[in-house]
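Chemist: Okay, so here is run.txt, and as you'll see once you scroll down, it has compact mmCIF, C-alpha atoms and all ligand atoms.
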```
# COMPACT_ATOMS: atom_id res chain seq x y z
CA MET A 1 -14.55 15.01 -6.37
CA SER A 2 -13.37 14.47 -2.80
CA LYS A 3 -10.56 16.64 -1.48
CA VAL A 4 -7.21 15.33 -0.26
CA PHE A 5 -6.30 16.57 3.22
CA ALA A 6 -2.74 15.88 4.38
CA HIS A 7 -2.97 14.68 8.00
CA ARG A 8 -0.44 16.59 10.12
CA GLY A 9 1.07 17.50 6.74
CA PHE A 10 2.71 14.74 4.68
CA SER A 11 3.23 12.83 7.92
CA GLY A 12 3.64 9.44 6.26
CA GLN A 13 7.10 10.47 5.06
CA TYR A 14 8.09 13.66 6.93
CA PRO A 15 8.04 14.71 10.59
CA GLU A 16 4.41 15.39 11.47
CA ASN A 17 3.15 18.93 12.04
CA THR A 18 6.33 20.64 10.79
CA LEU A 19 6.71 23.24 8.04
CA LEU A 20 8.66 20.60 6.11
CA ALA A 21 5.68 18.22 6.22
CA PHE A 22 3.34 21.05 5.18
CA ARG A 23 5.56 22.07 2.23
CA LYS A 24 5.86 18.45 1.09
CA ALA A 25 2.07 18.02 1.35
CA MET A 26 1.62 20.94 -1.05
CA GLU A 27 4.23 19.48 -3.41
CA ALA A 28 2.13 16.28 -3.37
CA GLU A 29 -0.82 18.40 -4.57
CA CYS A 30 -3.03 18.16 -1.54
CA ASP A 31 -6.18 20.28 -1.48
CA GLY A 32 -5.97 20.80 2.25
CA ILE A 33 -3.81 20.33 5.32
CA GLU A 34 -4.93 19.11 8.75
CA LEU A 35 -2.88 20.26 11.75
CA ASP A 36 -3.21 20.32 15.54
CA VAL A 37 -2.98 23.48 17.65
CA HIS A 38 -2.17 24.06 21.35
CA LEU A 39 -1.55 27.13 23.47
CA ALA A 40 1.96 27.70 24.88
CA LYS A 41 2.64 29.23 28.32
CA ASP A 42 3.00 32.74 26.85
CA GLY A 43 -0.22 32.43 24.81
CA SER A 44 1.45 31.56 21.48
CA LEU A 45 -0.48 29.26 19.14
CA VAL A 46 1.76 26.29 18.51
CA ILE A 47 1.37 23.33 16.12
CA MET A 48 1.89 19.90 17.65
CA HIS A 49 -0.22 16.78 18.15
CA ASP A 50 0.29 15.63 21.73
CA GLU A 51 -0.14 17.66 24.91
CA LYS A 52 3.37 16.48 25.82
CA LEU A 53 6.63 16.99 23.94
CA ASP A 54 7.95 13.50 24.61
CA ARG A 55 6.80 11.47 21.59
CA THR A 56 7.51 13.90 18.74
CA THR A 57 10.40 16.05 20.00
CA ASP A 58 13.58 15.77 22.07
CA GLY A 59 11.87 17.65 24.90
CA THR A 60 9.82 16.36 27.83
CA GLY A 61 6.72 17.45 29.69
CA LEU A 62 3.66 19.49 28.84
CA LEU A 63 3.87 21.94 25.93
CA CYS A 64 1.74 24.46 27.87
CA GLU A 65 4.43 24.73 30.54
CA TYR A 66 6.91 26.25 28.07
CA THR A 67 7.03 29.66 26.40
CA LEU A 68 7.48 29.84 22.63
CA ASP A 69 11.15 30.85 23.08
CA GLU A 70 11.72 27.75 25.18
CA LEU A 71 9.83 25.50 22.75
CA ARG A 72 12.00 26.72 19.87
CA ARG A 73 14.96 24.78 21.25
CA PHE A 74 13.26 21.42 20.73
CA ASN A 75 13.55 19.38 17.58
CA ALA A 76 10.24 18.28 16.05
CA ALA A 77 12.13 16.08 13.55
CA ALA A 78 13.07 13.85 16.49
CA VAL A 79 9.82 11.94 15.81
CA MET A 80 11.77 10.30 12.93
CA PRO A 81 15.16 9.81 14.59
CA GLY A 82 18.20 10.39 12.37
CA LYS A 83 16.21 10.94 9.18
CA PHE A 84 15.96 14.74 8.98
CA PRO A 85 17.90 17.75 10.24
CA PHE A 86 16.48 20.00 12.98
CA GLU A 87 12.91 21.19 12.46
CA PRO A 88 11.45 23.66 14.92
CA ILE A 89 7.96 23.28 16.40
CA PRO A 90 6.02 25.71 14.17
CA THR A 91 3.56 28.41 15.16
CA LEU A 92 0.19 28.86 13.50
CA GLU A 93 1.38 32.28 12.30
CA GLU A 94 4.37 30.75 10.48
CA TYR A 95 2.09 28.16 8.94
CA PHE A 96 -0.32 30.83 7.67
CA ASP A 97 2.62 32.73 6.19
CA LEU A 98 3.47 29.57 4.25
CA VAL A 99 -0.03 28.95 2.84
CA LYS A 100 -1.61 32.41 2.65
CA ASP A 101 -0.90 32.87 -1.08
CA THR A 102 -1.91 29.35 -2.08
CA SER A 103 -5.36 27.77 -2.48
CA VAL A 104 -4.78 25.25 0.31
CA ILE A 105 -7.63 24.72 2.78
CA THR A 106 -6.55 24.40 6.40
CA ASN A 107 -8.30 22.12 8.86
CA ILE A 108 -7.24 23.46 12.24
CA GLU A 109 -7.86 20.85 14.89
CA LEU A 110 -8.09 22.58 18.26
CA LYS A 111 -6.38 20.09 20.57
CA ASN A 112 -8.38 21.00 23.63
CA SER A 113 -10.22 17.90 24.72
CA VAL A 114 -7.58 16.95 27.33
CA ILE A 115 -6.59 20.50 28.35
CA TRP A 116 -9.25 23.07 27.47
CA TYR A 117 -6.89 26.03 26.97
CA GLU A 118 -8.48 29.26 28.23
CA GLY A 119 -9.12 31.68 25.35
CA MET A 120 -7.61 29.54 22.59
CA GLU A 121 -10.72 29.77 20.37
CA LYS A 122 -10.59 33.58 20.38
CA LYS A 123 -6.87 33.65 19.61
CA VAL A 124 -7.17 31.21 16.70
CA ILE A 125 -10.08 33.17 15.23
CA GLU A 126 -8.12 36.44 15.50
CA MET A 127 -5.20 34.83 13.67
CA VAL A 128 -7.43 33.47 10.88
CA ARG A 129 -9.02 36.90 10.46
CA ALA A 130 -5.66 38.69 10.50
CA PHE A 131 -4.62 36.58 7.49
CA HIS A 132 -8.08 36.91 5.85
CA LEU A 133 -8.33 33.14 5.62
CA GLU A 134 -11.92 32.78 6.90
CA ASP A 135 -12.99 31.06 3.63
CA ARG A 136 -10.11 28.60 3.63
CA VAL A 137 -10.22 27.34 7.21
CA ILE A 138 -12.25 24.60 8.89
CA PHE A 139 -12.12 24.27 12.67
CA SER A 140 -12.51 20.84 14.22
CA SER A 141 -12.19 19.40 17.71
CA PHE A 142 -13.13 16.39 19.79
CA ASN A 143 -14.31 19.07 22.26
CA HIS A 144 -17.69 19.87 20.76
CA GLU A 145 -18.37 22.61 23.33
CA SER A 146 -15.30 24.37 21.97
CA ILE A 147 -16.58 24.06 18.39
CA VAL A 148 -19.95 25.51 19.38
CA LEU A 149 -18.04 28.40 20.99
CA CYS A 150 -16.03 28.91 17.76
CA LYS A 151 -19.29 29.03 15.80
CA ARG A 152 -20.68 31.63 18.20
CA LEU A 153 -17.53 33.78 18.00
CA ALA A 154 -17.01 33.38 14.25
CA PRO A 155 -20.15 32.19 12.43
CA GLU A 156 -18.40 32.80 9.07
CA ILE A 157 -15.76 30.10 9.67
CA ARG A 158 -16.78 26.52 8.89
CA CYS A 159 -16.60 23.93 11.64
CA GLY A 160 -16.70 20.16 12.10
CA PHE A 161 -17.28 17.83 15.05
CA LEU A 162 -14.55 15.22 15.45
CA TYR A 163 -15.46 11.78 16.79
CA ASP A 164 -14.46 8.16 16.88
CA CYS A 165 -17.63 6.30 17.83
CA TRP A 166 -21.02 5.27 16.42
CA LEU A 167 -23.08 8.43 16.93
CA VAL A 168 -26.82 8.26 16.33
CA HIS A 169 -28.28 10.77 13.81
CA SER A 170 -24.98 12.64 13.69
CA GLY A 171 -26.06 14.71 10.67
CA LYS A 172 -28.97 16.12 12.66
CA TYR A 173 -26.65 16.75 15.62
CA ALA A 174 -24.33 18.82 13.38
CA LYS A 175 -27.25 20.67 11.81
CA THR A 176 -28.88 21.50 15.15
CA ASN A 177 -25.61 23.04 16.30
CA GLY A 178 -25.04 25.01 13.09
CA VAL A 179 -21.94 23.01 12.18
CA GLU A 180 -21.19 22.33 8.51
CA TYR A 181 -19.06 19.17 8.75
CA LEU A 182 -18.59 15.94 10.61
CA HIS A 183 -15.08 14.53 11.04
CA PRO A 184 -15.51 10.85 11.94
CA SER A 185 -12.92 8.13 11.94
CA LEU A 186 -13.55 5.53 9.22
CA ASN A 187 -14.46 3.09 12.03
CA SER A 188 -17.53 5.20 12.81
CA LEU A 189 -19.08 4.87 9.37
CA ASN A 190 -20.91 2.48 7.10
CA ASP A 191 -22.95 3.00 3.91
CA ALA A 192 -26.19 3.76 5.74
CA VAL A 193 -24.58 6.28 8.10
CA ILE A 194 -22.77 8.06 5.25
CA ASP A 195 -25.99 8.21 3.24
CA GLU A 196 -27.99 9.65 6.16
CA ILE A 197 -25.37 12.34 6.86
CA THR A 198 -25.26 13.24 3.17
CA ARG A 199 -29.06 13.49 3.02
CA ASP A 200 -28.91 15.85 6.00
CA GLY A 201 -26.67 18.15 3.93
CA ILE A 202 -23.63 17.77 6.17
CA GLY A 203 -20.15 17.32 4.64
CA LEU A 204 -17.89 14.50 5.74
CA ASN A 205 -14.13 14.75 6.28
CA VAL A 206 -12.95 11.28 7.24
CA TRP A 207 -9.68 10.21 8.95
CA THR A 208 -7.13 8.65 8.88
CA ILE A 209 -7.30 6.99 5.48
CA ASN A 210 -3.99 5.43 4.48
CA GLU A 211 -5.16 2.42 2.44
CA GLU A 212 -6.13 2.65 -1.22
CA PRO A 213 -9.39 0.61 -0.99
CA ALA A 214 -10.72 3.00 1.69
CA MET A 215 -9.64 5.98 -0.45
CA ARG A 216 -11.56 4.52 -3.40
CA TYR A 217 -14.63 3.74 -1.26
CA LEU A 218 -14.84 7.23 0.21
CA THR A 219 -14.31 8.86 -3.19
CA GLN A 220 -17.16 6.79 -4.59
CA LYS A 221 -19.33 7.86 -1.62
CA GLN A 222 -18.44 11.46 -2.61
CA VAL A 223 -17.31 12.54 0.85
CA ASN A 224 -15.97 16.10 1.03
CA GLY A 225 -12.54 15.26 2.39
CA ILE A 226 -10.18 12.32 2.84
CA ILE A 227 -7.65 12.99 5.61
CA THR A 228 -4.52 10.92 4.96
CA ASN A 229 -0.88 10.62 5.96
CA TYR A 230 -0.13 9.90 2.27
CA PRO A 231 -1.48 12.76 0.14
CA ASP A 232 0.58 11.52 -2.84
CA VAL A 233 -1.13 8.11 -2.85
CA CYS A 234 -4.57 9.64 -2.31
CA ARG A 235 -4.03 12.11 -5.17
CA SER A 236 -3.11 9.30 -7.56
CA VAL A 237 -6.12 7.21 -6.47
CA LEU A 238 -8.41 10.19 -7.13
CA ARG A 239 -6.78 10.73 -10.51
CA SER A 240 -7.35 7.11 -11.46
CA LEU A 241 -11.07 7.48 -10.64
CA SER A 242 -11.66 10.74 -12.51
O1 LIG B 301 -8.50 15.58 12.53
C1 LIG B 301 -8.41 14.22 12.25
C2 LIG B 301 -7.46 13.53 13.17
O2 LIG B 301 -6.27 14.28 13.20
C3 LIG B 301 -7.99 13.37 14.56
O3 LIG B 301 -7.16 12.61 15.36
O4 LIG B 301 -5.38 12.21 16.99
O5 LIG B 301 -4.81 12.41 14.58
O6 LIG B 301 -5.48 14.43 15.88
P1 LIG B 301 -5.65 12.94 15.70
MG MG B 302 -5.50 15.95 14.31
```
Rewrite the structure of this file - the entire thing - as structure tokens.
Ligand code: G3P
Ligand code: MG
Modeler:
Amino acid sequence: MSKVFAHRGFSGQYPENTLLAFRKAMEAECDGIELDVHLAKDGSLVIMHDEKLDRTTDGTGLLCEYTLDELRRFNAAAVMPGKFPFEPIPTLEEYFDLVKDTSVITNIELKNSVIWYEGMEKKVIEMVRAFHLEDRVIFSSFNHESIVLCKRLAPEIRCGFLYDCWLVHSGKYAKTNGVEYLHPSLNSLNDAVIDEITRDGIGLNVWTINEEPAMRYLTQKQVNGIITNYPDVCRSVLRSLS
């Protein structure tokens, strides 16, 4: 059975990439959580989607130009104005504290295709190892060089290449680079492509799947993971098919 991954937590109903959204995703019985990580000015690993604070918080400018102490003042619930009380921008360490004693799988998306943060791969790997979560983490990035570096630094941690285009022989590309998963958008797939990737022994984690017919289709194609803003809906679709 495919696994339900909550995209940026339960971001369909709660402020994305906050501890609230991660807690609610677990309450909705997700199997996994996808989140996005950046490096702050003082080297802290911080969870947010954009390089800039402007869309999701009440701050402005580049996240990497602030220290963690400075970032703590901003409200990540501002992405849904007036709906929720203050939610701080979380760190990866706080997130791991939340999930370490659960069975939740974490897909850490390294957000380093616009700004390739110096040393971020090493820091993330150290944090995963400190929490002994090597078996329950998947790294992904649109920056495939960064993923290859992660694989070199931590061969024991599973990785996936993110993309949003029609790659040719993508299963073989993943295999050649020692990567276990592909993370395509749904727009980059059809039956033949899914079948070829599956034959190549590469797992698929597909995003961002918010409509029930696509959830049903991907479950029937037996993909590894369905990354959705609505883990509650996806869970009930999977239940109806089991
Ligand atoms: O990891 C899947 C998906 O999150 C990739 O796109 O922009 O939502 O981080 P984005
Ligand atoms: Mg992401």
Chemist: In Å, how far is it from atom CA of A:Ser140 to atom CA of A:Val206?
Modeler: 11.8 Å
Chemist: Would you name the residues within 12 Å of ligand LIG 301 (chain B), counting only C-alpha atoms and all ligand atoms, and put them as a PyMOL selection string?
Modeler: chain A and resi 5-9+11+16-17+32-38+47-51+106-114+138-143+159-164+181-186+204-209+225-229
Chemist: May I have the residues from that selection written out with C-alpha atoms, as a PDB file, in the coordinates of the input?
Modeler:
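Below you can see part-v5.pdb, which holds the result:
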```
ATOM      1  CA  PHE A   5      -6.300  16.570   3.220  1.00  0.00           C
ATOM      2  CA  ALA A   6      -2.740  15.880   4.380  1.00  0.00           C
ATOM      3  CA  HIS A   7      -2.970  14.680   8.000  1.00  0.00           C
ATOM      4  CA  ARG A   8      -0.440  16.590  10.120  1.00  0.00           C
ATOM      5  CA  GLY A   9       1.070  17.500   6.740  1.00  0.00           C
ATOM      6  CA  SER A  11       3.230  12.830   7.920  1.00  0.00           C
ATOM      7  CA  GLU A  16       4.410  15.390  11.470  1.00  0.00           C
ATOM      8  CA  ASN A  17       3.150  18.930  12.040  1.00  0.00           C
ATOM      9  CA  GLY A  32      -5.970  20.800   2.250  1.00  0.00           C
ATOM     10  CA  ILE A  33      -3.810  20.330   5.320  1.00  0.00           C
ATOM     11  CA  GLU A  34      -4.930  19.110   8.750  1.00  0.00           C
ATOM     12  CA  LEU A  35      -2.880  20.260  11.750  1.00  0.00           C
ATOM     13  CA  ASP A  36      -3.210  20.320  15.540  1.00  0.00           C
ATOM     14  CA  VAL A  37      -2.980  23.480  17.650  1.00  0.00           C
ATOM     15  CA  HIS A  38      -2.170  24.060  21.350  1.00  0.00           C
ATOM     16  CA  ILE A  47       1.370  23.330  16.120  1.00  0.00           C
ATOM     17  CA  MET A  48       1.890  19.900  17.650  1.00  0.00           C
ATOM     18  CA  HIS A  49      -0.220  16.780  18.150  1.00  0.00           C
ATOM     19  CA  ASP A  50       0.290  15.630  21.730  1.00  0.00           C
ATOM     20  CA  GLU A  51      -0.140  17.660  24.910  1.00  0.00           C
ATOM     21  CA  THR A 106      -6.550  24.400   6.400  1.00  0.00           C
ATOM     22  CA  ASN A 107      -8.300  22.120   8.860  1.00  0.00           C
ATOM     23  CA  ILE A 108      -7.240  23.460  12.240  1.00  0.00           C
ATOM     24  CA  GLU A 109      -7.860  20.850  14.890  1.00  0.00           C
ATOM     25  CA  LEU A 110      -8.090  22.580  18.260  1.00  0.00           C
ATOM     26  CA  LYS A 111      -6.380  20.090  20.570  1.00  0.00           C
ATOM     27  CA  ASN A 112      -8.380  21.000  23.630  1.00  0.00           C
ATOM     28  CA  SER A 113     -10.220  17.900  24.720  1.00  0.00           C
ATOM     29  CA  VAL A 114      -7.580  16.950  27.330  1.00  0.00           C
ATOM     30  CA  ILE A 138     -12.250  24.600   8.890  1.00  0.00           C
ATOM     31  CA  PHE A 139     -12.120  24.270  12.670  1.00  0.00           C
ATOM     32  CA  SER A 140     -12.510  20.840  14.220  1.00  0.00           C
ATOM     33  CA  SER A 141     -12.190  19.400  17.710  1.00  0.00           C
ATOM     34  CA  PHE A 142     -13.130  16.390  19.790  1.00  0.00           C
ATOM     35  CA  ASN A 143     -14.310  19.070  22.260  1.00  0.00           C
ATOM     36  CA  CYS A 159     -16.600  23.930  11.640  1.00  0.00           C
ATOM     37  CA  GLY A 160     -16.700  20.160  12.100  1.00  0.00           C
ATOM     38  CA  PHE A 161     -17.280  17.830  15.050  1.00  0.00           C
ATOM     39  CA  LEU A 162     -14.550  15.220  15.450  1.00  0.00           C
ATOM     40  CA  TYR A 163     -15.460  11.780  16.790  1.00  0.00           C
ATOM     41  CA  ASP A 164     -14.460   8.160  16.880  1.00  0.00           C
ATOM     42  CA  TYR A 181     -19.060  19.170   8.750  1.00  0.00           C
ATOM     43  CA  LEU A 182     -18.590  15.940  10.610  1.00  0.00           C
ATOM     44  CA  HIS A 183     -15.080  14.530  11.040  1.00  0.00           C
ATOM     45  CA  PRO A 184     -15.510  10.850  11.940  1.00  0.00           C
ATOM     46  CA  SER A 185     -12.920   8.130  11.940  1.00  0.00           C
ATOM     47  CA  LEU A 186     -13.550   5.530   9.220  1.00  0.00           C
ATOM     48  CA  LEU A 204     -17.890  14.500   5.740  1.00  0.00           C
ATOM     49  CA  ASN A 205     -14.130  14.750   6.280  1.00  0.00           C
ATOM     50  CA  VAL A 206     -12.950  11.280   7.240  1.00  0.00           C
ATOM     51  CA  TRP A 207      -9.680  10.210   8.950  1.00  0.00           C
ATOM     52  CA  THR A 208      -7.130   8.650   8.880  1.00  0.00           C
ATOM     53  CA  ILE A 209      -7.300   6.990   5.480  1.00  0.00           C
ATOM     54  CA  GLY A 225     -12.540  15.260   2.390  1.00  0.00           C
ATOM     55  CA  ILE A 226     -10.180  12.320   2.840  1.00  0.00           C
ATOM     56  CA  ILE A 227      -7.650  12.990   5.610  1.00  0.00           C
ATOM     57  CA  THR A 228      -4.520  10.920   4.960  1.00  0.00           C
ATOM     58  CA  ASN A 229      -0.880  10.620   5.960  1.00  0.00           C
TER      59      ASN A 229
END
```
Chemist: Please measure the separation of atom CA of A:Met215 and atom CA of A:Val233, giving the value in Å to one decimal.
Modeler: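 Spanning atom CA of A:Met215 to atom CA of A:Val233 is a straight-line distance of 9.1 Å.
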Chemist: Quote the spacing between atom CA of A:Ser2 and atom CA of A:Glu93 in Å to one decimal place.
Modeler: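 Taking atom CA of A:Ser2 as the start and atom CA of A:Glu93 as the end point, the length is 27.6 Å.
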Chemist: Tell me, as an MDAnalysis selection string, which residues lie within 8 Å of stretch 170-179 of chain A, counting all atoms listed in the file; anything in the same chain fewer than 3 positions away does not count.
Modeler: chainID A and resid 148 151 158:161 167 182 196:198 200:202
Chemist: Neighbouring residues of A:Tyr95 were defined as those with any atom within 9 Å, considering only C-alpha atoms; residues of the same chain fewer than 2 positions away were excluded. Please report them as a VMD selection string.
Modeler: chain A and resid 18 to 19 22 47 90 to 93 97 to 100
Chemist: For A:Gln222, which of A:Thr57, A:Ile194, A:Ser240, A:Cys234 is the closest residue, counting only C-alpha atoms?
Modeler: A:Ile194
Chemist: Rank nothing, just name the residue among A:Leu218, A:Val193, A:Ala130, A:Ile105 nearest to A:Leu241, using only C-alpha atoms.
Modeler: A:Leu218
Chemist: So, counting all atoms listed in the file, which residue among A:Val128, A:Ala40, A:Ala192, A:Leu238 is closest to A:Glu212?
Modeler: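 When distances to A:Glu212 are compared using all atoms listed in the file, the smallest one comes from A:Leu238.
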Chemist: Of the candidates A:Tyr117, A:Thr102, A:Val223, A:Tyr217, which shows the shortest atom-to-atom distance to A:Val237, using only C-alpha atoms?
Modeler: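 Closest to A:Val237, using only C-alpha atoms: A:Tyr217.
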Chemist: I'd like the box whose edges run along x, y and z of the file and which contains every listed atom of stretch 170-181 of chain A, padded by 5 Å per side; could you state its centre and edge lengths in Å, one decimal, as JSON?
Modeler:
```
{"center_x": -24.0, "center_y": 18.8, "center_z": 12.4, "size_x": 19.9, "size_y": 22.4, "size_z": 17.8}
```
Chemist: At a cut-off of 8 Å, using all atoms listed in the file, what residues contact A:Lys24? Leave out same-chain residues fewer than 2 positions from it and give the result as a count of residues only.
Modeler: 9
Chemist: Compile the contact shell of A:Phe86 as a ChimeraX atom specification: residues with an atom at most 8 Å away, counting all atoms listed in the file, same-chain residues fewer than 4 positions apart removed.
Modeler: /A:75-78
